[in-house]
Structure formats: structure tokens, C-alpha cells
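Shown here: protein_24.pdb, PDB, N, CA and C atoms.
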ATOM      1  N   MET A   1       0.841  -1.177   0.000
ATOM      2  CA  MET A   1       0.000   0.000   0.000
ATOM      3  C   MET A   1       0.889   1.245   0.000
ATOM      4  N   LEU A   2       0.404   2.281  -0.667
ATOM      5  CA  LEU A   2       1.053   3.582  -0.660
ATOM      6  C   LEU A   2       0.270   4.498   0.270
ATOM      7  N   HIS A   3       0.956   5.037   1.264
ATOM      8  CA  HIS A   3       0.373   5.996   2.197
ATOM      9  C   HIS A   3       0.872   7.376   1.802
ATOM     10  N   ILE A   4      -0.028   8.324   1.633
ATOM     11  CA  ILE A   4       0.328   9.684   1.226
ATOM     12  C   ILE A   4      -0.040  10.632   2.357
ATOM     13  N   VAL A   5       0.981  11.338   2.858
ATOM     14  CA  VAL A   5       0.780  12.270   3.971
ATOM     15  C   VAL A   5       1.094  13.670   3.465
ATOM     16  N   ASN A   6       0.187  14.634   3.737
ATOM     17  CA  ASN A   6       0.416  15.986   3.237
ATOM     18  C   ASN A   6       0.473  17.059   4.314
ATOM     19  N   LYS A   7       0.258  16.733   5.559
ATOM     20  CA  LYS A   7       0.253  17.737   6.627
ATOM     21  C   LYS A   7       1.517  17.644   7.477
ATOM     22  N   SER A   8       1.969  18.783   7.957
ATOM     23  CA  SER A   8       3.138  18.846   8.823
ATOM     24  C   SER A   8       2.889  18.046  10.101
ATOM     25  N   ALA A   9       3.911  17.343  10.557
ATOM     26  CA  ALA A   9       3.797  16.570  11.792
ATOM     27  C   ALA A   9       3.608  17.474  13.001
ATOM     28  N   SER A  10       4.000  18.744  12.897
ATOM     29  CA  SER A  10       3.803  19.671  14.008
ATOM     30  C   SER A  10       2.400  20.277  13.996
ATOM     31  N   GLU A  11       1.679  20.076  12.893
ATOM     32  CA  GLU A  11       0.334  20.640  12.752
ATOM     33  C   GLU A  11      -0.763  19.618  13.039
ATOM     34  N   ARG A  12      -0.538  18.398  12.614
ATOM     35  CA  ARG A  12      -1.547  17.329  12.748
ATOM     36  C   ARG A  12      -0.861  16.028  13.155
ATOM     37  N   SER A  13      -1.651  15.052  13.550
ATOM     38  CA  SER A  13      -1.114  13.748  13.949
ATOM     39  C   SER A  13      -1.171  12.732  12.808
ATOM     40  N   SER A  14      -1.388  13.193  11.586
ATOM     41  CA  SER A  14      -1.528  12.293  10.440
ATOM     42  C   SER A  14      -0.311  11.393  10.250
ATOM     43  N   LEU A  15       0.878  11.959  10.358
ATOM     44  CA  LEU A  15       2.091  11.164  10.149
ATOM     45  C   LEU A  15       2.222  10.100  11.227
ATOM     46  N   ASP A  16       1.994  10.469  12.476
ATOM     47  CA  ASP A  16       2.069   9.481  13.560
ATOM     48  C   ASP A  16       1.088   8.340  13.328
ATOM     49  N   SER A  17      -0.131   8.677  12.967
ATOM     50  CA  SER A  17      -1.141   7.646  12.705
ATOM     51  C   SER A  17      -0.718   6.750  11.553
ATOM     52  N   CYS A  18      -0.212   7.356  10.509
ATOM     53  CA  CYS A  18       0.241   6.598   9.347
ATOM     54  C   CYS A  18       1.348   5.625   9.729
ATOM     55  N   LEU A  19       2.355   6.122  10.430
ATOM     56  CA  LEU A  19       3.492   5.267  10.793
ATOM     57  C   LEU A  19       3.085   4.137  11.729
ATOM     58  N   LYS A  20       2.088   4.366  12.580
ATOM     59  CA  LYS A  20       1.613   3.321  13.492
ATOM     60  C   LYS A  20       0.835   2.236  12.754
ATOM     61  N   LEU A  21       0.085   2.616  11.721
ATOM     62  CA  LEU A  21      -0.814   1.671  11.062
ATOM     63  C   LEU A  21      -0.269   1.063   9.769
ATOM     64  N   ALA A  22       0.752   1.659   9.197
ATOM     65  CA  ALA A  22       1.323   1.120   7.952
ATOM     66  C   ALA A  22       1.984  -0.229   8.230
ATOM     67  N   THR A  23       1.737  -1.174   7.356
ATOM     68  CA  THR A  23       2.299  -2.508   7.533
ATOM     69  C   THR A  23       3.652  -2.620   6.838
ATOM     70  N   LYS A  24       4.440  -3.553   7.326
ATOM     71  CA  LYS A  24       5.785  -3.774   6.789
ATOM     72  C   LYS A  24       5.722  -3.948   5.270
ATOM     73  N   GLY A  25       6.620  -3.273   4.578
ATOM     74  CA  GLY A  25       6.667  -3.355   3.125
ATOM     75  C   GLY A  25       5.884  -2.264   2.417
ATOM     76  N   SER A  26       5.109  -1.488   3.172
ATOM     77  CA  SER A  26       4.355  -0.389   2.575
ATOM     78  C   SER A  26       5.288   0.772   2.260
ATOM     79  N   ALA A  27       4.772   1.704   1.475
ATOM     80  CA  ALA A  27       5.507   2.913   1.129
ATOM     81  C   ALA A  27       4.771   4.118   1.694
ATOM     82  N   VAL A  28       5.537   5.125   2.108
ATOM     83  CA  VAL A  28       4.975   6.375   2.615
ATOM     84  C   VAL A  28       5.545   7.497   1.763
ATOM     85  N   LEU A  29       4.657   8.278   1.172
ATOM     86  CA  LEU A  29       5.056   9.434   0.372
ATOM     87  C   LEU A  29       4.675  10.701   1.115
ATOM     88  N   LEU A  30       5.673  11.528   1.391
ATOM     89  CA  LEU A  30       5.458  12.802   2.071
ATOM     90  C   LEU A  30       5.376  13.895   1.023
ATOM     91  N   ILE A  31       4.271  14.648   1.053
ATOM     92  CA  ILE A  31       4.068  15.740   0.102
ATOM     93  C   ILE A  31       3.679  17.000   0.865
ATOM     94  N   GLU A  32       3.658  18.120   0.157
ATOM     95  CA  GLU A  32       3.274  19.414   0.731
ATOM     96  C   GLU A  32       4.051  19.645   2.034
ATOM     97  N   ASP A  33       3.394  20.085   3.113
ATOM     98  CA  ASP A  33       4.113  20.384   4.358
ATOM     99  C   ASP A  33       4.635  19.152   5.084
ATOM    100  N   ALA A  34       4.183  17.972   4.721
ATOM    101  CA  ALA A  34       4.693  16.749   5.349
ATOM    102  C   ALA A  34       6.161  16.499   5.003
ATOM    103  N   VAL A  35       6.674  17.125   3.944
ATOM    104  CA  VAL A  35       8.084  16.897   3.569
ATOM    105  C   VAL A  35       9.040  17.376   4.648
ATOM    106  N   TYR A  36       8.616  18.281   5.513
ATOM    107  CA  TYR A  36       9.497  18.710   6.603
ATOM    108  C   TYR A  36       9.943  17.519   7.453
ATOM    109  N   ALA A  37       9.097  16.508   7.584
ATOM    110  CA  ALA A  37       9.433  15.326   8.384
ATOM    111  C   ALA A  37      10.611  14.551   7.803
ATOM    112  N   ALA A  38      10.887  14.744   6.529
ATOM    113  CA  ALA A  38      11.975  14.018   5.864
ATOM    114  C   ALA A  38      13.292  14.778   5.894
ATOM    115  N   THR A  39      13.365  15.845   6.701
ATOM    116  CA  THR A  39      14.569  16.670   6.720
ATOM    117  C   THR A  39      15.336  16.542   8.033
ATOM    118  N   LYS A  40      16.633  16.756   7.939
ATOM    119  CA  LYS A  40      17.511  16.697   9.110
ATOM    120  C   LYS A  40      17.165  17.812  10.078
ATOM    121  N   GLY A  41      17.201  17.469  11.370
ATOM    122  CA  GLY A  41      16.988  18.456  12.410
ATOM    123  C   GLY A  41      15.547  18.723  12.774
ATOM    124  N   ASN A  42      14.615  18.014  12.167
ATOM    125  CA  ASN A  42      13.210  18.239  12.521
ATOM    126  C   ASN A  42      12.832  17.369  13.720
ATOM    127  N   PRO A  43      11.780  17.720  14.451
ATOM    128  CA  PRO A  43      11.407  16.985  15.660
ATOM    129  C   PRO A  43      11.017  15.515  15.449
ATOM    130  N   VAL A  44      10.623  15.137  14.246
ATOM    131  CA  VAL A  44      10.210  13.744  14.021
ATOM    132  C   VAL A  44      11.221  12.948  13.184
ATOM    133  N   ALA A  45      12.409  13.466  13.016
ATOM    134  CA  ALA A  45      13.425  12.777  12.212
ATOM    135  C   ALA A  45      13.684  11.360  12.720
ATOM    136  N   ALA A  46      13.731  11.190  14.032
ATOM    137  CA  ALA A  46      13.990   9.862  14.601
ATOM    138  C   ALA A  46      12.874   8.881  14.252
ATOM    139  N   LYS A  47      11.632   9.355  14.212
ATOM    140  CA  LYS A  47      10.506   8.486  13.846
ATOM    141  C   LYS A  47      10.621   8.044  12.385
ATOM    142  N   ILE A  48      11.013   8.963  11.517
ATOM    143  CA  ILE A  48      11.186   8.619  10.103
ATOM    144  C   ILE A  48      12.314   7.613   9.946
ATOM    145  N   GLN A  49      13.419   7.851  10.620
ATOM    146  CA  GLN A  49      14.550   6.933  10.515
ATOM    147  C   GLN A  49      14.202   5.552  11.053
ATOM    148  N   ALA A  50      13.464   5.487  12.151
ATOM    149  CA  ALA A  50      13.051   4.196  12.699
ATOM    150  C   ALA A  50      12.084   3.487  11.753
ATOM    151  N   ALA A  51      11.193   4.237  11.133
ATOM    152  CA  ALA A  51      10.207   3.648  10.221
ATOM    153  C   ALA A  51      10.867   3.040   8.987
ATOM    154  N   GLN A  52      12.034   3.528   8.627
ATOM    155  CA  GLN A  52      12.714   3.021   7.434
ATOM    156  C   GLN A  52      13.101   1.551   7.550
ATOM    157  N   ALA A  53      13.092   1.012   8.743
ATOM    158  CA  ALA A  53      13.388  -0.415   8.908
ATOM    159  C   ALA A  53      12.310  -1.280   8.257
ATOM    160  N   ASP A  54      11.062  -0.788   8.237
ATOM    161  CA  ASP A  54       9.938  -1.563   7.714
ATOM    162  C   ASP A  54       9.238  -0.938   6.518
ATOM    163  N   LEU A  55       9.449   0.349   6.305
ATOM    164  CA  LEU A  55       8.720   1.079   5.265
ATOM    165  C   LEU A  55       9.684   1.782   4.318
ATOM    166  N   LYS A  56       9.245   1.960   3.085
ATOM    167  CA  LYS A  56       9.993   2.791   2.136
ATOM    168  C   LYS A  56       9.444   4.203   2.273
ATOM    169  N   ILE A  57      10.318   5.145   2.538
ATOM    170  CA  ILE A  57       9.903   6.538   2.737
ATOM    171  C   ILE A  57      10.329   7.361   1.524
ATOM    172  N   TYR A  58       9.381   8.106   0.983
ATOM    173  CA  TYR A  58       9.605   8.968  -0.176
ATOM    174  C   TYR A  58       9.179  10.392   0.185
ATOM    175  N   ALA A  59       9.829  11.364  -0.464
ATOM    176  CA  ALA A  59       9.437  12.768  -0.311
ATOM    177  C   ALA A  59       9.382  13.392  -1.698
ATOM    178  N   LEU A  60       8.416  14.240  -1.908
ATOM    179  CA  LEU A  60       8.240  14.888  -3.208
ATOM    180  C   LEU A  60       9.245  16.038  -3.343
ATOM    181  N   GLY A  61      10.152  15.896  -4.297
ATOM    182  CA  GLY A  61      11.228  16.850  -4.510
ATOM    183  C   GLY A  61      10.781  18.282  -4.738
ATOM    184  N   PRO A  62       9.792  18.525  -5.605
ATOM    185  CA  PRO A  62       9.352  19.902  -5.812
ATOM    186  C   PRO A  62       8.822  20.563  -4.529
ATOM    187  N   ASP A  63       8.202  19.784  -3.646
ATOM    188  CA  ASP A  63       7.722  20.349  -2.388
ATOM    189  C   ASP A  63       8.878  20.637  -1.436
ATOM    190  N   LEU A  64       9.908  19.785  -1.447
ATOM    191  CA  LEU A  64      11.115  20.073  -0.663
ATOM    192  C   LEU A  64      11.771  21.364  -1.159
ATOM    193  N   ALA A  65      11.902  21.482  -2.476
ATOM    194  CA  ALA A  65      12.539  22.662  -3.067
ATOM    195  C   ALA A  65      11.752  23.930  -2.766
ATOM    196  N   ALA A  66      10.436  23.855  -2.841
ATOM    197  CA  ALA A  66       9.593  25.019  -2.592
ATOM    198  C   ALA A  66       9.732  25.531  -1.160
ATOM    199  N   ARG A  67      10.133  24.643  -0.250
ATOM    200  CA  ARG A  67      10.287  25.004   1.153
ATOM    201  C   ARG A  67      11.745  25.221   1.542
ATOM    202  N   GLY A  68      12.643  25.179   0.558
ATOM    203  CA  GLY A  68      14.065  25.400   0.819
ATOM    204  C   GLY A  68      14.721  24.261   1.568
ATOM    205  N   MET A  69      14.184  23.054   1.447
ATOM    206  CA  MET A  69      14.668  21.907   2.211
ATOM    207  C   MET A  69      15.350  20.840   1.355
ATOM    208  N   ALA A  70      15.552  21.103   0.083
ATOM    209  CA  ALA A  70      16.079  20.078  -0.821
ATOM    210  C   ALA A  70      17.442  19.543  -0.385
ATOM    211  N   GLY A  71      18.262  20.356   0.237
ATOM    212  CA  GLY A  71      19.592  19.923   0.656
ATOM    213  C   GLY A  71      19.653  19.333   2.046
ATOM    214  N   ARG A  72      18.520  19.156   2.697
ATOM    215  CA  ARG A  72      18.499  18.695   4.085
ATOM    216  C   ARG A  72      17.778  17.369   4.270
ATOM    217  N   VAL A  73      17.669  16.578   3.225
ATOM    218  CA  VAL A  73      16.902  15.327   3.278
ATOM    219  C   VAL A  73      17.651  14.264   4.091
ATOM    220  N   LEU A  74      16.913  13.564   4.929
ATOM    221  CA  LEU A  74      17.478  12.481   5.740
ATOM    222  C   LEU A  74      18.023  11.370   4.848
ATOM    223  N   ASP A  75      19.093  10.742   5.285
ATOM    224  CA  ASP A  75      19.632   9.588   4.574
ATOM    225  C   ASP A  75      18.572   8.499   4.502
ATOM    226  N   GLY A  76      18.471   7.866   3.364
ATOM    227  CA  GLY A  76      17.530   6.770   3.183
ATOM    228  C   GLY A  76      16.169   7.185   2.669
ATOM    229  N   VAL A  77      15.861   8.479   2.691
ATOM    230  CA  VAL A  77      14.590   8.961   2.145
ATOM    231  C   VAL A  77      14.769   9.144   0.646
ATOM    232  N   ASN A  78      13.878   8.559  -0.125
ATOM    233  CA  ASN A  78      13.935   8.637  -1.577
ATOM    234  C   ASN A  78      13.175   9.862  -2.053
ATOM    235  N   VAL A  79      13.854  10.724  -2.784
ATOM    236  CA  VAL A  79      13.214  11.930  -3.316
ATOM    237  C   VAL A  79      12.712  11.616  -4.721
ATOM    238  N   VAL A  80      11.436  11.929  -4.961
ATOM    239  CA  VAL A  80      10.836  11.671  -6.272
ATOM    240  C   VAL A  80      10.269  12.963  -6.842
ATOM    241  N   ASP A  81      10.189  13.006  -8.163
ATOM    242  CA  ASP A  81       9.550  14.136  -8.840
ATOM    243  C   ASP A  81       8.088  13.761  -9.096
ATOM    244  N   TYR A  82       7.382  14.603  -9.845
ATOM    245  CA  TYR A  82       5.969  14.308 -10.103
ATOM    246  C   TYR A  82       5.786  13.000 -10.872
ATOM    247  N   GLY A  83       6.690  12.718 -11.791
ATOM    248  CA  GLY A  83       6.628  11.449 -12.514
ATOM    249  C   GLY A  83       6.800  10.271 -11.573
ATOM    250  N   GLY A  84       7.698  10.427 -10.596
ATOM    251  CA  GLY A  84       7.899   9.386  -9.593
ATOM    252  C   GLY A  84       6.679   9.201  -8.712
ATOM    253  N   PHE A  85       5.979  10.290  -8.422
ATOM    254  CA  PHE A  85       4.723  10.240  -7.671
ATOM    255  C   PHE A  85       3.719   9.378  -8.437
ATOM    256  N   VAL A  86       3.586   9.646  -9.717
ATOM    257  CA  VAL A  86       2.658   8.879 -10.553
ATOM    258  C   VAL A  86       3.080   7.412 -10.591
ATOM    259  N   ASP A  87       4.364   7.156 -10.716
ATOM    260  CA  ASP A  87       4.861   5.775 -10.732
ATOM    261  C   ASP A  87       4.516   5.051  -9.432
ATOM    262  N   LEU A  88       4.672   5.722  -8.300
ATOM    263  CA  LEU A  88       4.342   5.099  -7.016
ATOM    264  C   LEU A  88       2.863   4.736  -6.939
ATOM    265  N   VAL A  89       2.014   5.641  -7.396
ATOM    266  CA  VAL A  89       0.576   5.358  -7.388
ATOM    267  C   VAL A  89       0.275   4.160  -8.290
ATOM    268  N   ALA A  90       0.920   4.105  -9.452
ATOM    269  CA  ALA A  90       0.687   3.004 -10.394
ATOM    270  C   ALA A  90       1.225   1.673  -9.865
ATOM    271  N   GLU A  91       2.306   1.708  -9.102
ATOM    272  CA  GLU A  91       2.934   0.487  -8.578
ATOM    273  C   GLU A  91       2.143  -0.144  -7.434
ATOM    274  N   HIS A  92       1.373   0.646  -6.730
ATOM    275  CA  HIS A  92       0.660   0.148  -5.552
ATOM    276  C   HIS A  92      -0.832   0.011  -5.858
ATOM    277  N   SER A  93      -1.372  -1.141  -5.499
ATOM    278  CA  SER A  93      -2.778  -1.399  -5.807
ATOM    279  C   SER A  93      -3.724  -0.579  -4.933
ATOM    280  N   ASN A  94      -3.246  -0.142  -3.784
ATOM    281  CA  ASN A  94      -4.066   0.662  -2.875
ATOM    282  C   ASN A  94      -3.292   1.895  -2.426
ATOM    283  N   CYS A  95      -4.013   3.019  -2.296
ATOM    284  CA  CYS A  95      -3.434   4.257  -1.782
ATOM    285  C   CYS A  95      -4.306   4.768  -0.649
ATOM    286  N   GLN A  96      -3.662   5.237   0.394
ATOM    287  CA  GLN A  96      -4.367   5.823   1.539
ATOM    288  C   GLN A  96      -3.831   7.229   1.743
ATOM    289  N   SER A  97      -4.700   8.225   1.673
ATOM    290  CA  SER A  97      -4.302   9.606   1.930
ATOM    291  C   SER A  97      -4.607   9.933   3.396
ATOM    292  N   TRP A  98      -3.613  10.484   4.071
ATOM    293  CA  TRP A  98      -3.751  10.868   5.475
ATOM    294  C   TRP A  98      -3.878  12.375   5.535
ATOM    295  N   LEU A  99      -5.032  12.856   5.932
ATOM    296  CA  LEU A  99      -5.301  14.292   5.950
ATOM    297  C   LEU A  99      -5.195  14.881   7.334
TER
END

As C-alpha cells - that is how I would like this structure written.
Amino acid sequence: MLHIVNKSASERSSLDSCLKLATKGSAVLLIEDAVYAATKGNPVAAKIQAAQADLKIYALGPDLAARGMAGRVLDGVNVVDYGGFVDLVAEHSNCQSWL
């Protein structure tokens, strides 16, 4: 399953809920303000790094760039462009958006 999170972890609990309920082997795509979670020095960096043991974590590159965070991505987080976003949706039979 592909889990898509778009809200900042400091604004909503969507990311926490997603990470708790996502099953091993699932993918998590961080978009919009959720991309802050994929950057070094943020309050939830440890949660993202721990989740990488069981989940593939992706962040949307254009959203990172728009927020000035493109150079601060955590190791192991895969940065994708819009084409990569479409590929992820096509690769996974189910998508869950966390609002």
C-alpha cells in the first residue's frame, strides 16, 4: 500500500497515525508540508529513521525545493519528482491519503 501524507507533523497527527498503522513493506510518500518530516533536524526525524526499517519513505522533490529543504533530506529517504509520484501510485494497488 502507498500511504500519502500531506500535513506537517507539528500541525496534525496524520504522520504518527500513518506510521503506526502502515504494515511492513508499505511505502509512505510525504508531500506538501509533510516533507518537513523528511529533513535533518526536525522533531520527528527519529521516527522517520526508525520507520525506514519496515517502510519505504519517499518525499516529493518539488515540495522540498519550494520550502528550501532540498539539501536537508534524511539519509535513506527517496526523493521523487511528479513522474515518480505517478509511478508510485501506479505500482501500488491501494493508496491511503492521510489528511

Counting all atoms listed in the file, which residues have an atom no more than 6.5 Å from (0.3, -1.0, 1.5) in the file's coordinates? Please list them as a compact mmCIF listing (two decimals) with N, CA and C atoms, in the frame of the given file.
# COMPACT_ATOMS: atom_id res chain seq x y z
N MET A 1 0.84 -1.18 0.00
CA MET A 1 0.00 0.00 0.00
C MET A 1 0.89 1.25 0.00
N LEU A 2 0.40 2.28 -0.67
CA LEU A 2 1.05 3.58 -0.66
C LEU A 2 0.27 4.50 0.27
N HIS A 3 0.96 5.04 1.26
CA HIS A 3 0.37 6.00 2.20
C HIS A 3 0.87 7.38 1.80
N THR A 23 1.74 -1.17 7.36
CA THR A 23 2.30 -2.51 7.53
C THR A 23 3.65 -2.62 6.84
N GLY A 25 6.62 -3.27 4.58
CA GLY A 25 6.67 -3.36 3.12
C GLY A 25 5.88 -2.26 2.42
N SER A 26 5.11 -1.49 3.17
CA SER A 26 4.36 -0.39 2.58
C SER A 26 5.29 0.77 2.26
N ALA A 27 4.77 1.70 1.48
CA ALA A 27 5.51 2.91 1.13
C ALA A 27 4.77 4.12 1.69
N ASN A 94 -3.25 -0.14 -3.78
CA ASN A 94 -4.07 0.66 -2.88
C ASN A 94 -3.29 1.90 -2.43

### Task
Report as a VMD selection string the residues that result from applying the PyMOL selection byres (((chain A and resi 29-35 and name CA) around 6) and name CA) to the structure here.
chain A and resid 4 to 8 28 36 to 38 58 to 60 63

### Message
As a check of understanding, name the residues that the PyMOL selection byres ((chain A and resi 79-90) around 7) selects in the supplied structure, as a PyMOL selection string.
### Response
chain A and resi 2+57-62+76-78+91-93+95

### Message
Taking the file as I've supplied it (selection: the PyMOL selection byres ((chain A and resi 40) around 8)), which residues are included? Please answer as a list of chain:residue names.
### Response
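Listing what the PyMOL selection byres ((chain A and resi 40) around 8) selects in the shown file: A:Tyr36, A:Ala37, A:Ala38, A:Thr39, A:Gly41, A:Asn42, A:Pro43, A:Ala45, A:Met69, A:Gly71, A:Arg72, A:Val73, A:Leu74, A:Asp75.
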
### Separation of atom N of A:Glu11 from atom CA of A:Lys24, in Å and rounded to one decimal
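A separation of 25.0 Å between them.
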
### Task
State, in Å with one decimal place, the distance from atom C of A:Leu21 to atom C of A:Ala66.
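Going from atom C of A:Leu21 over to atom C of A:Ala66, I get 28.6 Å.
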
### Task
Please run DSSP on the backbone and report, as a count of residues only, all residues within chain A that come out as alpha helix (DSSP H).
31

### Message
Can you tell me, as a list in words, which residues in stretch 16-87 of chain A count as strand (DSSP E) by DSSP?
### Response
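Filtering stretch 16-87 of chain A down to strand (DSSP E) leaves Ala27, Val28, Leu29, Leu30, Lys56, Ile57, Tyr58, Ala59, Leu60, Asn78, Val79 and Val80 of chain A.
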
### Length of the atom CA of A:Ser97 to atom C of A:Arg12 vector [Å]
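These atoms are spaced 13.4 Å apart.
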
Extract stretch 18-28 of chain A from the coordinates I pasted, and write it as an mmCIF file, in the first residue's frame (atoms kept: all heavy atoms).
data_model
loop_
_atom_site.group_PDB
_atom_site.id
_atom_site.type_symbol
_atom_site.label_atom_id
_atom_site.label_comp_id
_atom_site.auth_asym_id
_atom_site.auth_seq_id
_atom_site.Cartn_x
_atom_site.Cartn_y
_atom_site.Cartn_z
ATOM 1 N N CYS A 18 -0.212 7.356 10.509
ATOM 2 C CA CYS A 18 0.241 6.598 9.347
ATOM 3 C C CYS A 18 1.348 5.625 9.729
ATOM 4 O O CYS A 18 1.288 4.441 9.387
ATOM 5 C CB CYS A 18 0.730 7.562 8.265
ATOM 6 S SG CYS A 18 1.551 6.751 6.879
ATOM 7 N N LEU A 19 2.355 6.122 10.430
ATOM 8 C CA LEU A 19 3.492 5.267 10.793
ATOM 9 C C LEU A 19 3.085 4.137 11.729
ATOM 10 O O LEU A 19 3.654 3.044 11.671
ATOM 11 C CB LEU A 19 4.616 6.109 11.413
ATOM 12 C CG LEU A 19 5.264 7.125 10.480
ATOM 13 C CD1 LEU A 19 6.327 7.928 11.231
ATOM 14 C CD2 LEU A 19 5.847 6.474 9.240
ATOM 15 N N LYS A 20 2.088 4.366 12.580
ATOM 16 C CA LYS A 20 1.613 3.321 13.492
ATOM 17 C C LYS A 20 0.835 2.236 12.754
ATOM 18 O O LYS A 20 0.893 1.067 13.122
ATOM 19 C CB LYS A 20 0.732 3.925 14.576
ATOM 20 C CG LYS A 20 1.495 4.696 15.613
ATOM 21 C CD LYS A 20 0.551 5.309 16.623
ATOM 22 C CE LYS A 20 1.318 6.247 17.545
ATOM 23 N NZ LYS A 20 0.434 6.993 18.434
ATOM 24 N N LEU A 21 0.085 2.616 11.721
ATOM 25 C CA LEU A 21 -0.814 1.671 11.062
ATOM 26 C C LEU A 21 -0.269 1.063 9.769
ATOM 27 O O LEU A 21 -0.789 0.050 9.304
ATOM 28 C CB LEU A 21 -2.158 2.344 10.795
ATOM 29 C CG LEU A 21 -2.926 2.750 12.058
ATOM 30 C CD1 LEU A 21 -4.153 3.564 11.701
ATOM 31 C CD2 LEU A 21 -3.299 1.529 12.874
ATOM 32 N N ALA A 22 0.752 1.659 9.197
ATOM 33 C CA ALA A 22 1.323 1.120 7.952
ATOM 34 C C ALA A 22 1.984 -0.229 8.230
ATOM 35 O O ALA A 22 2.686 -0.397 9.227
ATOM 36 C CB ALA A 22 2.339 2.099 7.372
ATOM 37 N N THR A 23 1.737 -1.174 7.356
ATOM 38 C CA THR A 23 2.299 -2.508 7.533
ATOM 39 C C THR A 23 3.652 -2.620 6.838
ATOM 40 O O THR A 23 3.952 -1.886 5.899
ATOM 41 C CB THR A 23 1.342 -3.584 6.984
ATOM 42 O OG1 THR A 23 1.101 -3.310 5.605
ATOM 43 C CG2 THR A 23 0.027 -3.585 7.736
ATOM 44 N N LYS A 24 4.440 -3.553 7.326
ATOM 45 C CA LYS A 24 5.785 -3.774 6.789
ATOM 46 C C LYS A 24 5.722 -3.948 5.270
ATOM 47 O O LYS A 24 4.855 -4.657 4.760
ATOM 48 C CB LYS A 24 6.409 -4.999 7.443
ATOM 49 C CG LYS A 24 7.841 -5.219 7.064
ATOM 50 C CD LYS A 24 8.455 -6.355 7.849
ATOM 51 C CE LYS A 24 9.925 -6.438 7.507
ATOM 52 N NZ LYS A 24 10.638 -7.332 8.404
ATOM 53 N N GLY A 25 6.620 -3.273 4.578
ATOM 54 C CA GLY A 25 6.667 -3.355 3.125
ATOM 55 C C GLY A 25 5.884 -2.264 2.417
ATOM 56 O O GLY A 25 5.981 -2.121 1.207
ATOM 57 N N SER A 26 5.109 -1.488 3.172
ATOM 58 C CA SER A 26 4.355 -0.389 2.575
ATOM 59 C C SER A 26 5.288 0.772 2.260
ATOM 60 O O SER A 26 6.410 0.836 2.734
ATOM 61 C CB SER A 26 3.262 0.097 3.539
ATOM 62 O OG SER A 26 2.274 -0.882 3.710
ATOM 63 N N ALA A 27 4.772 1.704 1.475
ATOM 64 C CA ALA A 27 5.507 2.913 1.129
ATOM 65 C C ALA A 27 4.771 4.118 1.694
ATOM 66 O O ALA A 27 3.539 4.134 1.742
ATOM 67 C CB ALA A 27 5.639 3.034 -0.381
ATOM 68 N N VAL A 28 5.537 5.125 2.108
ATOM 69 C CA VAL A 28 4.975 6.375 2.615
ATOM 70 C C VAL A 28 5.545 7.497 1.763
ATOM 71 O O VAL A 28 6.763 7.643 1.642
ATOM 72 C CB VAL A 28 5.334 6.598 4.104
ATOM 73 C CG1 VAL A 28 4.825 7.943 4.581
ATOM 74 C CG2 VAL A 28 4.784 5.475 4.965
#
